[in-house]
$ cat final-v4.cif   # mmCIF, C-alpha atoms and all ligand atoms
data_query
loop_
_atom_site.label_atom_id
_atom_site.label_comp_id
_atom_site.auth_asym_id
_atom_site.auth_seq_id
_atom_site.Cartn_x
_atom_site.Cartn_y
_atom_site.Cartn_z
CA MET A 659 3.65 -28.81 -34.46
CA LYS A 660 5.25 -25.57 -33.29
CA THR A 661 7.50 -23.44 -35.45
CA TYR A 662 10.64 -22.22 -33.69
CA VAL A 663 12.60 -19.04 -34.24
CA VAL A 664 15.65 -19.12 -32.00
CA GLY A 665 18.11 -16.22 -31.78
CA ASN A 666 21.63 -17.11 -30.69
CA TRP A 667 23.28 -13.92 -29.46
CA LYS A 668 26.64 -15.62 -28.84
CA LEU A 669 29.17 -13.35 -27.09
CA ASN A 670 27.29 -10.12 -27.83
CA PHE A 671 25.32 -7.53 -25.83
CA THR A 672 25.93 -6.29 -22.31
CA VAL A 673 23.27 -7.17 -19.75
CA GLY A 674 21.79 -3.68 -20.23
CA GLU A 675 21.71 -3.99 -24.03
CA ALA A 676 20.17 -7.44 -23.77
CA SER A 677 17.46 -6.12 -21.47
CA ILE A 678 16.58 -3.24 -23.81
CA TYR A 679 16.48 -5.59 -26.81
CA LEU A 680 14.17 -7.99 -24.96
CA HIS A 681 11.90 -5.14 -23.91
CA LYS A 682 11.61 -3.89 -27.51
CA LEU A 683 11.11 -7.40 -28.86
CA SER A 684 8.27 -8.10 -26.40
CA LYS A 685 6.55 -4.85 -27.35
CA SER A 686 6.66 -5.68 -31.06
CA LEU A 687 5.45 -9.28 -30.86
CA PRO A 688 1.80 -10.16 -31.09
CA ASN A 689 0.87 -13.30 -29.19
CA TYR A 690 1.48 -15.96 -31.83
CA ARG A 691 0.09 -19.37 -31.10
CA ASN A 692 2.26 -22.27 -32.15
CA LEU A 693 5.23 -20.05 -32.78
CA GLU A 694 7.99 -20.37 -30.22
CA VAL A 695 10.27 -17.33 -30.12
CA VAL A 696 13.44 -18.04 -28.17
CA VAL A 697 16.52 -15.91 -27.47
CA ALA A 698 19.83 -17.20 -26.15
CA PRO A 699 21.66 -14.45 -24.23
CA SER A 700 24.98 -14.77 -22.42
CA MET A 701 25.04 -16.65 -19.11
CA LEU A 702 25.42 -13.36 -17.30
CA ALA A 703 22.22 -11.92 -18.75
CA LEU A 704 20.09 -15.04 -18.28
CA GLN A 705 19.23 -14.42 -14.66
CA PRO A 706 18.06 -10.78 -14.95
CA LEU A 707 16.29 -11.52 -18.25
CA SER A 708 14.48 -14.45 -16.65
CA LEU A 709 12.89 -11.97 -14.22
CA GLN A 710 11.99 -9.57 -17.03
CA VAL A 711 10.69 -11.90 -19.73
CA ASP A 712 7.04 -12.74 -20.28
CA ARG A 713 7.44 -16.43 -20.98
CA ARG A 714 4.08 -16.68 -22.66
CA ARG A 715 5.60 -14.65 -25.49
CA ILE A 716 9.34 -15.27 -25.46
CA LYS A 717 11.42 -18.12 -24.08
CA LEU A 718 15.04 -18.06 -22.98
CA ALA A 719 17.80 -20.46 -23.92
CA ALA A 720 21.26 -20.92 -22.46
CA GLN A 721 24.04 -21.10 -25.05
CA ASP A 722 25.69 -23.97 -23.18
CA GLY A 723 25.88 -25.51 -19.71
CA PHE A 724 28.05 -27.99 -17.82
CA TYR A 725 27.01 -31.61 -17.35
CA ARG A 726 27.89 -31.95 -13.66
CA ASP A 727 25.36 -30.43 -11.29
CA TYR A 728 27.91 -29.07 -8.80
CA GLY A 729 31.52 -29.51 -7.65
CA ALA A 730 35.07 -28.36 -8.30
CA TYR A 731 34.65 -27.14 -11.89
CA THR A 732 35.95 -23.57 -11.86
CA GLY A 733 34.27 -21.29 -14.34
CA GLU A 734 31.41 -23.61 -15.28
CA VAL A 735 27.66 -23.07 -14.93
CA SER A 736 25.59 -26.23 -14.47
CA PHE A 737 22.21 -27.07 -15.91
CA SER A 738 20.99 -27.45 -12.34
CA GLN A 739 21.90 -23.77 -11.78
CA LEU A 740 20.13 -22.88 -15.03
CA ARG A 741 17.00 -24.78 -14.05
CA GLY A 742 14.07 -22.38 -13.95
CA LEU A 743 16.03 -19.62 -15.71
CA ALA A 744 16.24 -21.16 -19.18
CA ASP A 745 13.60 -23.18 -21.00
CA TYR A 746 16.06 -24.38 -23.64
CA ALA A 747 19.81 -24.84 -24.03
CA ILE A 748 21.84 -24.82 -27.21
CA ILE A 749 24.20 -27.79 -26.97
CA GLY A 750 26.99 -28.85 -29.31
CA HIS A 751 27.04 -25.63 -31.31
CA SER A 752 29.82 -25.74 -33.92
CA GLU A 753 31.72 -23.07 -31.97
CA ARG A 754 31.66 -25.36 -28.93
CA ARG A 755 32.79 -28.31 -31.08
CA TYR A 756 35.56 -26.56 -33.04
CA VAL A 757 36.72 -23.64 -30.87
CA PHE A 758 36.31 -25.37 -27.49
CA LYS A 759 37.00 -28.91 -28.78
CA GLU A 760 33.86 -30.52 -27.39
CA ASP A 761 33.34 -34.07 -28.57
CA ASP A 762 30.18 -36.18 -28.85
CA LYS A 763 30.83 -37.76 -25.41
CA THR A 764 30.81 -34.34 -23.72
CA ILE A 765 27.82 -33.24 -25.76
CA GLN A 766 25.79 -36.34 -24.90
CA LYS A 767 26.41 -35.72 -21.18
CA LYS A 768 25.26 -32.13 -21.60
CA VAL A 769 22.08 -33.20 -23.41
CA ALA A 770 21.32 -35.65 -20.59
CA ALA A 771 22.09 -33.04 -17.90
CA ALA A 772 19.79 -30.49 -19.54
CA LEU A 773 16.91 -32.98 -19.68
CA ARG A 774 17.54 -34.03 -16.07
CA ASN A 775 17.09 -30.38 -15.13
CA LYS A 776 13.91 -29.79 -17.17
CA ILE A 777 15.69 -27.80 -19.89
CA LYS A 778 15.04 -28.73 -23.51
CA PRO A 779 18.26 -29.30 -25.45
CA ILE A 780 18.70 -27.81 -28.92
CA LEU A 781 21.32 -30.24 -30.20
CA CYS A 782 23.35 -28.70 -33.03
CA ILE A 783 24.87 -30.93 -35.66
CA GLY A 784 26.52 -30.17 -38.97
CA GLU A 785 29.41 -30.98 -41.26
CA ILE A 786 32.38 -28.78 -42.03
CA GLU A 787 33.23 -27.87 -45.62
CA SER A 788 35.92 -30.52 -46.13
CA GLU A 789 33.65 -33.29 -44.81
CA ARG A 790 31.04 -32.28 -47.38
CA ALA A 791 33.69 -32.15 -50.12
CA PHE A 792 34.84 -35.71 -49.25
CA GLY A 793 31.27 -37.06 -49.30
CA GLU A 794 31.23 -37.63 -45.53
CA THR A 795 28.19 -35.51 -44.69
CA ALA A 796 25.78 -38.40 -44.03
CA ASP A 797 28.24 -40.19 -41.73
CA VAL A 798 29.09 -37.03 -39.80
CA ILE A 799 25.42 -36.20 -39.34
CA LYS A 800 24.53 -39.71 -38.13
CA ASP A 801 27.51 -39.82 -35.75
CA GLN A 802 26.79 -36.40 -34.23
CA LEU A 803 23.06 -37.10 -34.01
CA LEU A 804 23.28 -40.54 -32.39
CA GLY A 805 26.30 -39.48 -30.33
CA GLY A 806 24.44 -36.49 -28.91
CA LEU A 807 21.33 -38.55 -28.19
CA ALA A 808 23.13 -41.56 -26.71
CA GLU A 809 21.94 -40.92 -23.14
CA VAL A 810 18.40 -39.86 -24.03
CA ALA A 811 15.68 -42.31 -22.98
CA ASP A 812 13.10 -43.02 -25.71
CA ASP A 813 10.34 -41.24 -23.80
CA ASN A 814 12.45 -38.06 -23.63
CA LEU A 815 13.23 -37.89 -27.34
CA SER A 816 10.40 -35.50 -28.18
CA LYS A 817 11.88 -32.97 -25.73
CA VAL A 818 15.06 -32.69 -27.79
CA ILE A 819 15.23 -30.29 -30.71
CA ILE A 820 17.77 -30.92 -33.44
CA ALA A 821 19.36 -28.00 -35.27
CA TYR A 822 21.06 -28.78 -38.56
CA GLU A 823 23.76 -26.17 -39.06
CA PRO A 824 26.21 -26.82 -41.89
CA VAL A 825 29.31 -25.20 -40.44
CA TRP A 826 30.39 -23.82 -43.85
CA ALA A 827 27.13 -21.84 -44.00
CA ILE A 828 27.49 -20.10 -40.62
CA SER A 829 28.05 -16.40 -41.15
CA SER A 830 30.99 -16.11 -38.77
CA VAL A 831 32.94 -18.77 -40.73
CA LYS A 832 35.40 -17.26 -43.22
CA GLY A 833 34.03 -17.48 -46.77
CA ALA A 834 30.64 -18.77 -45.57
CA LYS A 835 28.22 -19.72 -48.33
CA LEU A 836 24.46 -20.02 -48.29
CA ALA A 837 23.15 -23.57 -48.16
CA SER A 838 20.59 -24.29 -50.87
CA PRO A 839 17.17 -25.71 -49.99
CA ASP A 840 18.10 -28.92 -51.86
CA GLU A 841 21.31 -29.36 -49.86
CA ILE A 842 19.40 -28.78 -46.62
CA SER A 843 16.55 -31.04 -47.61
CA GLU A 844 18.93 -33.93 -48.27
CA VAL A 845 20.39 -33.68 -44.76
CA ILE A 846 17.01 -33.16 -43.08
CA ASN A 847 15.93 -36.45 -44.69
CA ILE A 848 19.05 -38.17 -43.34
CA ILE A 849 18.29 -36.84 -39.85
CA ARG A 850 14.65 -37.91 -39.97
CA GLN A 851 15.49 -41.34 -41.43
CA THR A 852 18.17 -41.93 -38.77
CA LEU A 853 15.73 -40.97 -36.00
CA SER A 854 13.08 -43.23 -37.48
CA ASP A 855 15.46 -46.20 -37.87
CA THR A 856 16.72 -45.76 -34.30
CA TYR A 857 13.63 -44.79 -32.33
CA GLY A 858 10.76 -45.83 -34.62
CA PRO A 859 8.72 -43.65 -37.00
CA GLU A 860 6.20 -42.47 -34.39
CA SER A 861 8.82 -41.12 -31.98
CA ALA A 862 10.88 -39.67 -34.82
CA GLU A 863 7.93 -37.67 -36.12
CA LYS A 864 7.63 -35.84 -32.81
CA VAL A 865 11.15 -34.40 -33.00
CA SER A 866 11.47 -30.80 -34.19
CA VAL A 867 14.32 -30.13 -36.58
CA LEU A 868 15.57 -26.58 -37.17
CA PHE A 869 17.89 -25.14 -39.77
CA GLY A 870 20.62 -22.60 -39.07
CA GLY A 871 23.25 -20.97 -41.25
CA SER A 872 23.20 -17.32 -42.36
CA VAL A 873 19.43 -17.11 -42.01
CA SER A 874 18.12 -13.65 -42.89
CA PRO A 875 14.77 -12.11 -43.80
CA SER A 876 15.57 -12.73 -47.46
CA ASN A 877 16.00 -16.51 -47.19
CA ALA A 878 13.91 -17.41 -44.10
CA GLY A 879 10.77 -18.11 -46.14
CA ALA A 880 12.56 -20.51 -48.49
CA TYR A 881 14.22 -22.35 -45.60
CA LEU A 882 11.02 -22.63 -43.59
CA THR A 883 9.14 -24.26 -46.46
CA ILE A 884 11.62 -27.15 -46.76
CA PRO A 885 9.67 -30.28 -45.76
CA GLY A 886 10.74 -31.53 -42.34
CA VAL A 887 12.07 -28.14 -41.16
CA ASN A 888 10.26 -26.86 -38.06
CA GLY A 889 12.08 -23.61 -37.51
CA LEU A 890 15.26 -21.59 -37.65
CA LEU A 891 18.31 -21.01 -35.50
CA VAL A 892 19.49 -17.48 -36.24
CA GLY A 893 22.88 -16.05 -35.32
CA GLY A 894 23.98 -12.75 -36.88
CA ALA A 895 20.52 -11.60 -37.96
CA SER A 896 19.16 -12.08 -34.44
CA LEU A 897 21.44 -9.26 -33.25
CA ILE A 898 19.55 -6.80 -35.44
CA LEU A 899 16.16 -6.43 -33.84
CA HIS A 900 14.19 -5.47 -36.96
CA GLU A 901 15.69 -8.39 -38.91
CA PHE A 902 14.82 -10.83 -36.15
CA ILE A 903 11.26 -9.49 -36.03
CA ASP A 904 11.02 -9.78 -39.84
CA ILE A 905 12.09 -13.43 -39.61
CA ILE A 906 9.45 -14.07 -36.92
CA GLU A 907 6.78 -12.44 -39.12
CA ILE A 908 7.87 -14.60 -42.06
CA ALA A 909 7.64 -17.72 -39.87
CA LYS A 910 4.12 -16.74 -38.90
CA LYS A 911 3.11 -16.26 -42.55
CA VAL A 912 4.63 -19.57 -43.64
CA GLN A 913 2.78 -21.31 -40.83
CA ALA A 914 -0.61 -19.76 -41.72
C1 LIG B 1001 24.83 -19.96 -35.57
O1 LIG B 1001 25.99 -19.69 -35.28
O2 LIG B 1001 24.16 -20.76 -34.90
C2 LIG B 1001 24.25 -19.32 -36.73
C3 LIG B 1001 23.27 -19.92 -37.31
O3 LIG B 1001 24.84 -18.14 -37.11
P1 LIG B 1001 24.46 -17.28 -38.41
O4 LIG B 1001 22.96 -17.18 -38.50
O5 LIG B 1001 25.11 -15.96 -38.18
O6 LIG B 1001 25.03 -18.01 -39.57
#

$ encode --input "final-v4.cif" --output "structure tokens" --more "lines below"
Ligand code: PEP
Amino acid sequence: MKTYVVGNWKLNFTVGEASIYLHKLSKSLPNYRNLEVVVAPSMLALQPLSLQVDRRRIKLAAQDGFYRDYGAYTGEVSFSQLRGLADYAIIGHSERRYVFKEDDKTIQKKVAAALRNKIKPILCIGEIESERAFGETADVIKDQLLGGLAEVADDNLSKVIIAYEPVWAISSVKGAKLASPDEISEVINIIRQTLSDTYGPESAEKVSVLFGGSVSPSNAGAYLTIPGVNGLLVGGASLILHEFIDIIEIAKKVQA
């Protein structure tokens, strides 16, 4: 199975800065087999970067997309417009859920629209701090997971990547804390068990599950060795090129 290192640039970098970063990243990366390096630039940068990127080495992800293919939806960009430009799309990121108030119904339509347009969804799920404190983590995870996957046909399941991101561990959240490997492991098991109970063990095994939440070169190795974790979704550290490269190198070592 592949190991993923996905950099989510969020609302950072001009198109020019993004292009320079991508150029430097490509120059520093050996051709790693079975390691999928993905960056998620802004919508504006996706098109020029799609012409620049060598997709054998680096893949592009959209940070979002709209579930209708076309129509009167001012300001939106559809997955049909992203088709061919992005290989992946981050969907249901906690900032989309909590800042932009996206619910599971919207997210499930986006997951389906991405798949319909040959873009692999990276479905983000994760509990907020108070849900964890009230012992609701398992329920939240199951609801977000099955809600997001509700329109996915069984034979498409392996194309979806799940990213477990406890919201309280995301670096941009005030007072963010690091999640411990034990805390992560417990939730990864819930995700894998839920997939297995719903889709059967064989299909569930084919799903890649990533972890995200203040990943840095100093904790990437520990997170990547948690059983059932197939890669990392990196926010803040992906903006610092040498840190992102260090994380990729660590992923390669863990895989070897
Ligand atoms: C994220 O927002 O997806 C994320 C994981 O951010 P950070 O690595 O900065 O916590």

$ residues_around --input "final-v4.cif" --residues "Gly870 (chain A)" --least-positions-apart "3" --cutoff "7 Å" --atoms "all atoms listed in the file" --output "list in words"
Ala821, Tyr822, Glu823, Val873, Leu890, Leu891 and Val892 of chain A

$ residues_around --input "final-v4.cif" --residues "Ala827 (chain A)" --least-positions-apart "4" --cutoff "7 Å" --atoms "all atoms listed in the file" --output "list in words"
Ala834, Lys835, Leu836, Ala837, Gly871 and Ser872 of chain A

$ closest_residue --input "final-v4.cif" --among "A:Tyr746, A:Tyr731, A:Tyr662, A:Tyr679" --to "Ala698 (chain A)" --atoms "all atoms listed in the file"
A:Tyr746

$ residues_around --input "final-v4.cif" --residues "Ile678 (chain A)" --least-positions-apart "5" --cutoff "12 Å" --atoms "only C-alpha atoms" --output "number ranges by chain"
A: 671-673, 683-685, 703, 706-707, 710-711, 899

$ write_last_selection --input "final-v4.cif" --atoms "C-alpha atoms" --output "JSON list (two decimals), keeping the file's coordinate frame"
[["chain", "number", "residue", "atom", "x", "y", "z"],
["A", 671, "PHE", "CA", 25.32, -7.53, -25.83],
["A", 672, "THR", "CA", 25.93, -6.29, -22.31],
["A", 673, "VAL", "CA", 23.27, -7.17, -19.75],
["A", 683, "LEU", "CA", 11.11, -7.40, -28.86],
["A", 684, "SER", "CA", 8.27, -8.10, -26.40],
["A", 685, "LYS", "CA", 6.55, -4.85, -27.35],
["A", 703, "ALA", "CA", 22.22, -11.92, -18.75],
["A", 706, "PRO", "CA", 18.06, -10.78, -14.95],
["A", 707, "LEU", "CA", 16.29, -11.52, -18.25],
["A", 710, "GLN", "CA", 11.99, -9.57, -17.03],
["A", 711, "VAL", "CA", 10.69, -11.90, -19.73],
["A", 899, "LEU", "CA", 16.16, -6.43, -33.84]]

$ closest_residue --input "final-v4.cif" --among "A:Phe902, A:Lys778, A:Gln913, A:Met701" --to "Ser686 (chain A)" --atoms "all atoms listed in the file"
A:Phe902

$ residues_around --input "final-v4.cif" --residues "Ala770 (chain A)" --least-positions-apart "2" --cutoff "8 Å" --atoms "all atoms listed in the file" --output "list in words"
Tyr725, Gln766, Lys767, Lys768, Ala772, Leu773, Arg774, Glu809 and Val810 of chain A

$ axis_aligned_box --input "final-v4.cif" --around "ligand LIG 1001 (chain B)" --padding-each-side "5 Å" --output "lines of an AutoDock Vina configuration file"
center_x = 24.5
center_y = -18.4
center_z = -37.2
size_x = 13.0
size_y = 14.8
size_z = 14.7

$ closest_residue --input "final-v4.cif" --among "A:Leu702, A:Ile884, A:Val818, A:Val912" --to "Val735 (chain A)" --atoms "all atoms listed in the file"
A:Leu702

$ atom_distance --input "final-v4.cif" --atom1 "CA of Thr883 (chain A)" --atom2 "CA of Ile749 (chain A)"
24.9 Å

$ atom_distance --input "final-v4.cif" --atom1 "CA of Ile819 (chain A)" --atom2 "CA of Ser874 (chain A)"
20.8 Å

$ atom_distance --input "final-v4.cif" --atom1 "CA of Val845 (chain A)" --atom2 "CA of Gly784 (chain A)"
9.1 Å
